[in-house]
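Asker: Just passing along the structure, written as structure tokens.
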Amino acid sequence: EDKVVQSPLSLVVHEGDTVTLNCSYEVTNFRSLLWYKQEKKAPTFLFMLTSSGIEKKSGRLSSILDKKELFSILNITATQTGDSAIYLCAASRSNYGGSQGNLIFGKGTKLSVKP
Amino acid sequence: DGGITQSPKYLFRKEGQNVTLSCEQNLNHDAMYWYRQDPGQGLRLIYYSQIVNDFQKGDIAEGYSVSREKKESFPLTVTSAQKNPTAFYLCASSIWRGSSETQYFGPGTRLLVL
């Protein structure tokens, strides 16, 4: 069965720290890797990564994919309390169907940023 | 305003009762999904639908049912057969970018059993 594993499951840091969240995947017919941020409601889309080694950046957040080693990282620099959330990683695959559907989600990393 | 709406925001269910969660999207997306989220479990797929009048079971479909009579709507019924329905339910719809799919989520419905 395809799977996505995120680590750590939870993380507590102080404002101003830099954090790295990890996501590894074992997915057949892999197409892309997606990151979402979830506060106390719906996950919101952050990044989609399809190519190895090309960093995607949005403000203090950046992410990169390694398709050889089957992992991705999400970096957050100069963290703020508003970054506190669950960060979800999902692997998209092309063989649509089956009970897992097309997006396989990890369990998420819960980030808490203390002032 | 384009988006995905879910209602109600909170729902209470009595033992033995069926309840229906609403999900509507006006994004013209073909595919729609229902997930259940429990603490520490991530998102687990209940049902999904790629096109109107067609849907597939996800990993945890038992005790749930869906319909897809219109492209915009994908309601989820939590039946009395679902023994542990207390959870946060998320609906999503998706768009393809190249060969990859991106899902966008509604605000969720929190279901509590009385």
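Letters A, B, ... go to the chains of the structure tokens in the order shown; residues in each chain start at 1; ligands are counted from 1 in the same order.
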Would you kindly return, as JSON, numbers by chain, each protein, DNA or RNA residue with an atom no farther than 7 Å from any atom of Leu11 (chain A), considering only C-alpha atoms and excluding same-chain residues fewer than 4 positions away?
Answerer: {"A": [110, 111, 112]}
Asker: Generate the output file for the selected residues, N, CA, C and O atoms, as an mmCIF file, in the first residue's frame.
Answerer:
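part_39.cif written:
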data_model
loop_
_atom_site.group_PDB
_atom_site.id
_atom_site.type_symbol
_atom_site.label_atom_id
_atom_site.label_comp_id
_atom_site.auth_asym_id
_atom_site.auth_seq_id
_atom_site.Cartn_x
_atom_site.Cartn_y
_atom_site.Cartn_z
ATOM 1 N N LYS A 110 2.450 18.795 13.711
ATOM 2 C CA LYS A 110 1.841 19.893 14.465
ATOM 3 C C LYS A 110 2.943 20.815 14.957
ATOM 4 O O LYS A 110 3.768 20.432 15.789
ATOM 5 N N LEU A 111 2.959 22.028 14.450
ATOM 6 C CA LEU A 111 3.972 23.022 14.820
ATOM 7 C C LEU A 111 3.375 24.034 15.793
ATOM 8 O O LEU A 111 2.323 24.614 15.512
ATOM 9 N N SER A 112 4.031 24.223 16.896
ATOM 10 C CA SER A 112 3.617 25.248 17.864
ATOM 11 C C SER A 112 4.757 26.238 18.001
ATOM 12 O O SER A 112 5.879 25.850 18.334
#
Asker: Where does DSSP see strand (DSSP E) in chain A, if you list the residues as a ChimeraX atom specification?
Answerer: /A:3-7,10-14,19-26,30-38,43-49,56-58,61-66,71-76,85-93,103-105,109-114
Asker: Choose the residue, out of A:Asn102, A:Ser72, A:Thr18, A:Ser84, that has the smallest atom-to-atom separation from Tyr47 (chain B); count only C-alpha atoms.
Answerer: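 Ranked by minimum distance to Tyr47 (chain B), first place goes to A:Asn102.
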Asker: With only C-alpha atoms considered, list every residue of chain B at most 12 Å from chain A, as an MDAnalysis selection string.
Answerer: chainID B and resid 4:6 9 31:50 55:62 88:110
Asker: Set the distance at 10 Å and use only C-alpha atoms: which residues neighbour Asn53 (chain B) once local chain neighbours fewer than 3 positions away are removed? I'd like the list as a list in words.
Answerer: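 Selected residues are Ser49, Gln50, Ser67, Arg68, Glu69, Lys70 and Lys71 of chain B.
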Asker: Next, write the just-selected residues to a file, as a CSV table (one decimal), in the first residue's frame, keeping C-alpha atoms as the atom set.
Answerer:
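File again.csv, as written:
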chain,number,residue,atom,x,y,z
B,49,SER,CA,-16.4,11.0,-7.0
B,50,GLN,CA,-14.6,11.7,-10.3
B,67,SER,CA,-24.6,10.6,-3.9
B,68,ARG,CA,-23.4,12.7,-6.8
B,69,GLU,CA,-26.5,13.8,-8.7
B,70,LYS,CA,-25.1,17.2,-9.6
B,71,LYS,CA,-21.5,18.3,-10.4
Asker: Give me the residues near Leu112 (chain B) as a short mmCIF file (atom, residue, chain, number, x, y, z; two decimals) with C-alpha atoms, in the first residue's frame, where near means some atom within 10 Å (using only C-alpha atoms) and where sequence neighbours in that chain fewer than 4 positions away do not count.
Answerer:
data_model
loop_
_atom_site.label_atom_id
_atom_site.label_comp_id
_atom_site.auth_asym_id
_atom_site.auth_seq_id
_atom_site.Cartn_x
_atom_site.Cartn_y
_atom_site.Cartn_z
CA TYR B 10 -21.27 21.82 13.84
CA LEU B 11 -23.68 18.87 13.88
CA PHE B 12 -24.96 16.79 16.75
CA ARG B 13 -26.16 13.25 16.23
CA LYS B 14 -28.19 11.08 18.53
CA ASN B 84 -17.72 6.10 16.06
CA PRO B 85 -18.78 9.09 13.99
CA THR B 86 -17.38 11.86 16.18
CA ALA B 87 -14.78 13.57 13.99
CA PHE B 88 -14.00 16.54 11.77
#
Asker: So, counting only C-alpha atoms, which residue among A:Ser7, A:Leu65, A:Ser52, A:Asp2 is closest to Val19 (chain A)?
Answerer: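 Counting only C-alpha atoms, the residue closest to Val19 (chain A) is A:Ser7.
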Asker: What's the separation between CA of Lys56 (chain A) and CA of Asn75 (chain A), in Å to one decimal place?
Answerer: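 So the two atoms, CA of Lys56 (chain A) and CA of Asn75 (chain A), lie 10.3 Å apart.
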Asker: Could you give me, as a PyMOL selection string, the residues within 8 Å of Tyr64 (chain B), counting only C-alpha atoms and dropping anything in the same chain fewer than 6 positions from it?
Answerer: chain B and resi 46+76-79+81-82
